[in-house]
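**Q** For reference, the file protein_17.csv (CSV, C-alpha atoms) is included below:
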```
chain,number,residue,atom,x,y,z
Y,14,ASP,CA,-3.3,-17.9,11.3
Y,15,GLN,CA,-0.7,-19.3,9.0
Y,16,ALA,CA,0.0,-15.8,7.7
Y,17,VAL,CA,0.6,-14.5,11.2
Y,18,ASP,CA,2.9,-17.4,12.0
Y,19,ALA,CA,4.9,-16.8,8.8
Y,20,ALA,CA,5.1,-13.0,9.5
Y,21,THR,CA,6.3,-13.7,13.0
Y,22,ALA,CA,9.0,-16.0,11.7
Y,23,VAL,CA,10.2,-13.5,9.1
Y,24,VAL,CA,10.5,-10.7,11.6
Y,25,GLY,CA,12.3,-13.1,14.0
Y,26,ASP,CA,14.9,-14.1,11.3
Y,27,ALA,CA,15.5,-10.5,10.4
Y,28,THR,CA,15.9,-9.5,14.0
Y,29,ARG,CA,18.6,-12.1,14.5
Y,30,HIS,CA,20.5,-10.8,11.5
Y,31,ALA,CA,20.4,-7.3,13.1
Y,32,HIS,CA,20.7,-5.5,9.8
Y,33,PRO,CA,18.6,-2.3,10.0
Y,34,ILE,CA,17.5,-2.2,6.4
Y,35,THR,CA,16.7,-5.9,6.2
Y,36,LEU,CA,14.7,-5.7,9.4
Y,37,SER,CA,12.9,-2.5,8.3
Y,38,MET,CA,11.9,-4.3,5.0
Y,39,SER,CA,10.7,-7.3,6.9
Y,40,LEU,CA,8.5,-5.0,9.1
Y,41,VAL,CA,7.1,-3.2,6.1
Y,42,TRP,CA,5.9,-6.4,4.5
Y,43,THR,CA,4.6,-8.0,7.8
Y,44,ILE,CA,2.9,-5.2,9.6
Y,45,PRO,CA,-0.1,-5.4,7.2
Y,46,VAL,CA,-0.5,-9.1,8.2
Y,47,PHE,CA,-1.0,-8.1,11.8
Y,48,LEU,CA,-3.3,-5.2,10.9
Y,49,LEU,CA,-5.4,-7.5,8.7
Y,50,SER,CA,-5.6,-10.2,11.3
Y,51,GLY,CA,-6.8,-7.7,13.9
Y,52,ASP,CA,-3.8,-8.2,16.2
Y,53,SER,CA,-3.7,-4.6,17.3
Y,54,GLU,CA,-1.1,-4.8,20.0
Y,55,THR,CA,1.5,-6.7,17.9
Y,56,ALA,CA,0.8,-4.3,15.0
Y,57,LYS,CA,1.4,-1.3,17.3
Y,58,ALA,CA,4.6,-2.8,18.6
Y,59,MET,CA,5.9,-3.5,15.1
Y,60,ILE,CA,5.0,0.0,13.9
Y,61,ALA,CA,6.9,1.5,16.9
Y,62,LYS,CA,9.9,-0.7,16.1
Y,63,LEU,CA,9.9,0.4,12.5
Y,64,SER,CA,9.7,4.0,13.5
Y,65,ARG,CA,12.6,3.6,16.0
Y,66,LEU,CA,14.8,1.8,13.4
Y,67,ALA,CA,14.1,4.5,10.8
Y,68,ASP,CA,14.9,7.3,13.3
Y,69,ASP,CA,18.1,5.6,14.7
Y,70,HIS,CA,19.6,4.8,11.3
Y,71,ALA,CA,18.4,7.9,9.3
Y,72,LEU,CA,16.1,5.9,7.1
Y,73,PRO,CA,13.5,8.6,6.2
Y,74,TYR,CA,11.4,6.5,3.8
Y,75,PHE,CA,10.9,3.8,6.4
Y,76,PHE,CA,9.9,6.5,8.8
Y,77,ASP,CA,7.2,7.6,6.3
Y,78,MET,CA,6.0,4.0,6.1
Y,79,ALA,CA,5.7,3.8,9.9
Y,80,THR,CA,3.7,7.0,9.8
Y,81,GLY,CA,1.3,5.5,7.3
Y,82,PHE,CA,1.0,2.3,9.2
Y,83,GLU,CA,0.2,4.3,12.4
Y,84,GLY,CA,-2.6,5.9,10.4
Y,85,GLU,CA,-4.0,2.5,9.5
Y,86,TRP,CA,-3.8,1.4,13.1
Y,87,LEU,CA,-5.6,4.6,14.3
Y,88,ALA,CA,-8.3,3.9,11.7
Y,89,GLN,CA,-8.8,0.4,13.1
Y,90,ARG,CA,-9.2,1.9,16.6
Y,91,GLY,CA,-12.0,4.2,15.3
Y,92,ARG,CA,-9.8,7.4,15.5
Y,93,HIS,CA,-10.5,8.4,11.9
Y,94,ARG,CA,-9.6,12.1,12.1
Y,95,GLN,CA,-6.2,11.3,13.5
Y,96,ALA,CA,-5.9,8.4,11.0
Y,97,GLU,CA,-6.6,10.8,8.0
Y,98,GLU,CA,-3.9,13.2,9.3
Y,99,LYS,CA,-1.3,10.5,9.7
Y,100,LEU,CA,-2.0,9.0,6.3
Y,101,ARG,CA,-1.9,12.4,4.6
Y,102,GLU,CA,1.4,13.2,6.3
Y,103,CYS,CA,2.9,10.0,5.0
Y,104,LEU,CA,1.7,10.6,1.5
Y,105,THR,CA,2.9,14.2,1.3
Y,106,SER,CA,6.3,13.6,2.9
Y,107,ALA,CA,7.4,10.4,1.0
Y,108,GLY,CA,10.4,11.0,-1.2
Y,109,PRO,CA,10.1,10.6,-5.0
Y,110,GLY,CA,12.2,7.4,-5.1
Y,111,TRP,CA,9.8,5.5,-2.8
Y,112,TYR,CA,6.6,7.3,-3.6
Y,113,PRO,CA,5.0,4.5,-5.8
Y,114,LEU,CA,5.6,1.9,-3.0
Y,115,THR,CA,4.3,4.3,-0.4
Y,116,ALA,CA,1.3,5.2,-2.5
Y,117,SER,CA,0.5,1.5,-3.1
Y,118,PHE,CA,0.3,0.9,0.6
Y,119,PHE,CA,-1.5,4.1,1.8
Y,120,ARG,CA,-3.5,5.9,-0.9
Y,121,PHE,CA,-6.5,3.6,-0.5
Y,122,PRO,CA,-6.5,3.6,3.3
Y,123,HIS,CA,-6.3,7.4,3.1
Y,124,ALA,CA,-9.4,7.4,0.8
Y,125,GLU,CA,-11.3,5.4,3.3
Y,126,ALA,CA,-10.2,7.7,6.2
Y,127,LEU,CA,-11.5,10.7,4.2
Y,128,LEU,CA,-14.8,8.8,3.8
Y,129,ARG,CA,-15.0,8.1,7.5
Y,130,VAL,CA,-14.5,11.8,8.4
Y,131,GLY,CA,-17.4,12.9,6.2
Y,132,ARG,CA,-15.5,13.9,3.0
Y,133,PRO,CA,-16.9,11.6,0.4
Y,134,ALA,CA,-16.1,13.7,-2.7
Y,135,GLU,CA,-12.5,13.8,-1.6
Y,136,ALA,CA,-12.6,10.1,-0.9
Y,137,LEU,CA,-13.8,9.3,-4.3
Y,138,ALA,CA,-11.1,11.4,-5.9
Y,139,ALA,CA,-8.5,9.8,-3.7
Y,140,ILE,CA,-9.6,6.2,-4.5
Y,141,GLU,CA,-9.7,6.9,-8.2
Y,142,ALA,CA,-6.2,8.3,-8.0
Y,143,ALA,CA,-5.1,5.2,-6.1
Y,144,MET,CA,-6.6,3.0,-8.8
Y,145,ALA,CA,-5.0,5.0,-11.6
Y,146,GLN,CA,-1.6,4.6,-9.8
Y,147,SER,CA,-2.2,0.9,-9.4
Y,148,HIS,CA,-2.8,0.5,-13.1
Y,149,LYS,CA,0.2,2.7,-14.0
Y,150,GLU,CA,2.5,0.6,-11.8
Y,151,ALA,CA,0.9,-2.7,-12.9
Y,152,ASP,CA,0.4,-3.4,-9.1
Y,153,PHE,CA,-3.0,-5.0,-8.8
Y,154,VAL,CA,-2.7,-6.8,-5.5
Y,155,ASN,CA,-4.8,-4.3,-3.6
Y,156,LEU,CA,-7.1,-3.4,-6.4
Y,157,PRO,CA,-10.0,-5.5,-5.0
Y,158,GLU,CA,-9.8,-3.5,-1.7
Y,159,MET,CA,-9.7,-0.3,-3.7
Y,160,LEU,CA,-12.9,-1.3,-5.5
Y,161,ARG,CA,-14.5,-2.1,-2.2
Y,162,ILE,CA,-13.7,1.4,-0.9
Y,163,LYS,CA,-14.9,3.0,-4.1
Y,164,ALA,CA,-18.1,1.0,-3.7
Y,165,ARG,CA,-18.6,2.1,-0.1
Y,166,THR,CA,-18.0,5.7,-1.2
Y,167,PHE,CA,-20.7,5.4,-3.8
Y,168,ALA,CA,-23.1,3.9,-1.2
Y,169,VAL,CA,-22.5,6.8,1.2
Y,170,MET,CA,-23.2,9.2,-1.7
Y,171,GLY,CA,-26.5,7.5,-2.4
Y,172,ARG,CA,-25.3,6.0,-5.6
Y,173,GLU,CA,-26.4,2.5,-4.8
Y,174,ALA,CA,-26.4,0.9,-8.3
Y,175,GLU,CA,-22.8,2.1,-8.8
Y,176,ALA,CA,-21.9,0.8,-5.3
Y,177,GLU,CA,-23.2,-2.7,-6.1
Y,178,GLN,CA,-21.4,-2.7,-9.5
Y,179,SER,CA,-18.1,-1.9,-7.8
Y,180,TYR,CA,-18.6,-4.4,-5.0
Y,181,ARG,CA,-19.3,-7.1,-7.6
Y,182,ALA,CA,-16.2,-6.1,-9.5
Y,183,SER,CA,-14.1,-6.3,-6.3
Y,184,ILE,CA,-15.5,-9.8,-5.5
Y,185,ALA,CA,-14.8,-11.0,-9.1
Y,186,LEU,CA,-11.2,-9.7,-9.1
Y,187,ALA,CA,-10.5,-11.1,-5.6
Y,188,GLN,CA,-11.8,-14.5,-6.8
Y,189,ARG,CA,-9.4,-14.4,-9.8
Y,190,GLN,CA,-6.5,-13.5,-7.4
Y,191,PHE,CA,-7.6,-16.2,-4.9
Y,192,ALA,CA,-7.7,-13.4,-2.3
Y,193,LEU,CA,-10.2,-14.8,0.1
Y,194,SER,CA,-9.7,-11.9,2.6
Y,195,TRP,CA,-10.5,-9.2,0.1
Y,196,GLU,CA,-13.4,-11.3,-1.3
Y,197,LEU,CA,-14.8,-11.6,2.2
Y,198,ARG,CA,-14.7,-7.9,2.9
Y,199,ALA,CA,-16.3,-7.0,-0.4
Y,200,ALA,CA,-19.0,-9.6,-0.1
Y,201,THR,CA,-19.8,-8.6,3.5
Y,202,ALA,CA,-20.2,-5.0,2.4
Y,203,LEU,CA,-22.4,-5.9,-0.5
Y,204,ALA,CA,-24.5,-8.1,1.7
Y,205,GLU,CA,-25.0,-5.2,4.1
Y,206,LEU,CA,-26.1,-3.0,1.3
Y,207,MET,CA,-28.6,-5.7,0.1
Y,208,ALA,CA,-29.9,-6.1,3.7
Y,209,ASP,CA,-30.5,-2.4,3.9
Y,210,GLN,CA,-32.5,-2.7,0.7
Y,211,GLY,CA,-34.6,-5.6,2.1
Y,212,ARG,CA,-32.8,-8.2,0.0
Y,213,ASN,CA,-32.0,-10.6,2.8
Y,214,ALA,CA,-32.3,-13.8,0.8
Y,215,GLU,CA,-29.8,-12.5,-1.8
Y,216,ALA,CA,-27.5,-11.4,1.0
Y,217,SER,CA,-27.6,-14.8,2.7
Y,218,ALA,CA,-27.0,-16.6,-0.6
Y,219,LEU,CA,-23.9,-14.4,-1.2
Y,220,LEU,CA,-22.4,-15.0,2.2
Y,221,SER,CA,-23.1,-18.6,3.0
Y,222,PRO,CA,-20.8,-20.3,0.5
Y,223,LEU,CA,-18.0,-17.8,1.3
Y,224,HIS,CA,-18.4,-18.3,5.0
Y,225,ASP,CA,-18.2,-22.1,4.6
Y,226,ARG,CA,-14.8,-21.8,2.8
Y,227,ILE,CA,-13.1,-20.2,5.8
Y,228,ARG,CA,-10.9,-22.6,7.7
Y,229,GLU,CA,-8.9,-20.3,10.0
Y,230,GLY,CA,-8.8,-16.7,11.3
Y,231,PHE,CA,-12.0,-17.0,13.2
Y,232,ALA,CA,-11.0,-14.3,15.7
Y,233,THR,CA,-10.3,-11.7,13.0
Y,234,GLY,CA,-12.6,-8.7,12.8
Y,235,ASP,CA,-13.6,-9.6,9.2
Y,236,PHE,CA,-14.8,-13.0,10.2
Y,237,VAL,CA,-16.6,-11.7,13.4
Y,238,LYS,CA,-18.4,-9.2,11.2
Y,239,VAL,CA,-19.6,-11.7,8.6
Y,240,LYS,CA,-20.7,-14.1,11.3
Y,241,ALA,CA,-22.8,-11.4,13.0
Y,242,LEU,CA,-24.3,-10.3,9.7
Y,243,ARG,CA,-25.3,-13.9,8.9
Y,244,GLU,CA,-27.0,-14.2,12.3
Y,245,ARG,CA,-28.8,-10.9,11.7
Y,246,LEU,CA,-30.0,-12.1,8.3
Y,247,ALA,CA,-31.2,-15.4,9.9
Y,248,GLY,CA,-33.1,-13.4,12.5
Y,249,LEU,CA,-31.1,-14.9,15.4
```
Would it be possible to restate this file's structure as structure tokens?

**A**
Amino acid sequence: DQAVDAATAVVGDATRHAHPITLSMSLVWTIPVFLLSGDSETAKAMIAKLSRLADDHALPYFFDMATGFEGEWLAQRGRHRQAEEKLRECLTSAGPGWYPLTASFFRFPHAEALLRVGRPAEALAAIEAAMAQSHKEADFVNLPEMLRIKARTFAVMGREAEAEQSYRASIALAQRQFALSWELRAATALAELMADQGRNAEASALLSPLHDRIREGFATGDFVKVKALRERLAGL
């Protein structure tokens, strides 16, 4: 909730200054907040605004970013094939000057989109490439989420031991970064894997303390998912 308020204020300030590059940059850094919070309509409006700005002021790199964000929005709506196409378009059209930034935003969502459309081998190659890029650029902010996607890919491939190892690595790194959102996602996914293996007590023990640390964002998709999983584990 606080992040959404801050993001709204940032975009408002940039809009008042009416400088296209400043406003475009503010949108690039705040659209992910609305996507993560599950505010689909605001995210859609912000993505459209970024696309219009880029088109009106001949800012091709920002247009590429808007294309990538549209892919993420489509993925949230369950339109995974279209999401994969948009994310691939973004990654292949980004200019060399902006490619590291574009890659840091969109390589791992593209990997997850590949997984969702039934292409796990390509997804694994894509997420490993994203992680290699992250290490090369010393950009570790999204590494917990990359590890989660890698773990999910392993799980889909039937490599459950490797999946659990990657989930635990994601949780540990998110804890070191104080990234509660990433920690929640990875822990929920690991708890689902445990539940599928009949390890309900372990899954509950993993989720309960994490759930109790959450103080806001109760309407987000991530919180709703963990709440539903806890109820399932409790047999409610």

**Q** I need the residue nearest Thr233 (chain Y) from this list: Y:Ser50, Y:Thr80, Y:Gln95, Y:Ser221. Use all atoms listed in the file for the distance.

**A** Y:Ser50

**Q** Give me, as an NGL selection string, all polymer residues having an atom no more than 12 Å from His123 (chain Y), counting only C-alpha atoms and skipping those fewer than 6 positions away in the same chain.

**A** :Y and (81-88 or 93-105 or 115-117 or 129-130 or 132-133 or 135-143 or 159 or 162)

**Q** Which is closer to Gly230 (chain Y) than all the others in Y:Ala168, Y:Ala185, Y:Gly25, Y:Leu193, using only C-alpha atoms?

**A**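 Looking at the shortest contact to Gly230 (chain Y), the residue is Y:Leu193.
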
**Q** Which is closest to Lys57 (chain Y) among Y:Val169, Y:Ala79, Y:Leu36, Y:Ala27, if we use only C-alpha atoms?

**A**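 With only C-alpha atoms as the atom set, the closest residue is Y:Ala79.
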
**Q** Could you check which of Y:Arg228, Y:His70, Y:Arg245, Y:Lys240 is closest to Asp209 (chain Y), using all atoms listed in the file?

**A**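 Closest to Asp209 (chain Y), using all atoms listed in the file: Y:Arg245.
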
**Q** Looking at Y:Arg226, Y:Asn213, Y:Ala151, Y:Leu160, which one is nearest to Ala247 (chain Y), with distances taken over all atoms listed in the file?

**A** Y:Asn213

**Q** Neighbours of Leu203 (chain Y) within 8 Å (all atoms listed in the file; same-chain residues fewer than 5 positions away dropped), as a PDB file with C-alpha atoms, in the coordinates of the input?

**A**
```pdb
ATOM      1  CA  GLU Y 177     -23.200  -2.700  -6.100  1.00  0.00           C
ATOM      2  CA  TYR Y 180     -18.600  -4.400  -5.000  1.00  0.00           C
ATOM      3  CA  ARG Y 181     -19.300  -7.100  -7.600  1.00  0.00           C
ATOM      4  CA  ALA Y 216     -27.500 -11.400   1.000  1.00  0.00           C
TER       5      ALA Y 216
END
```
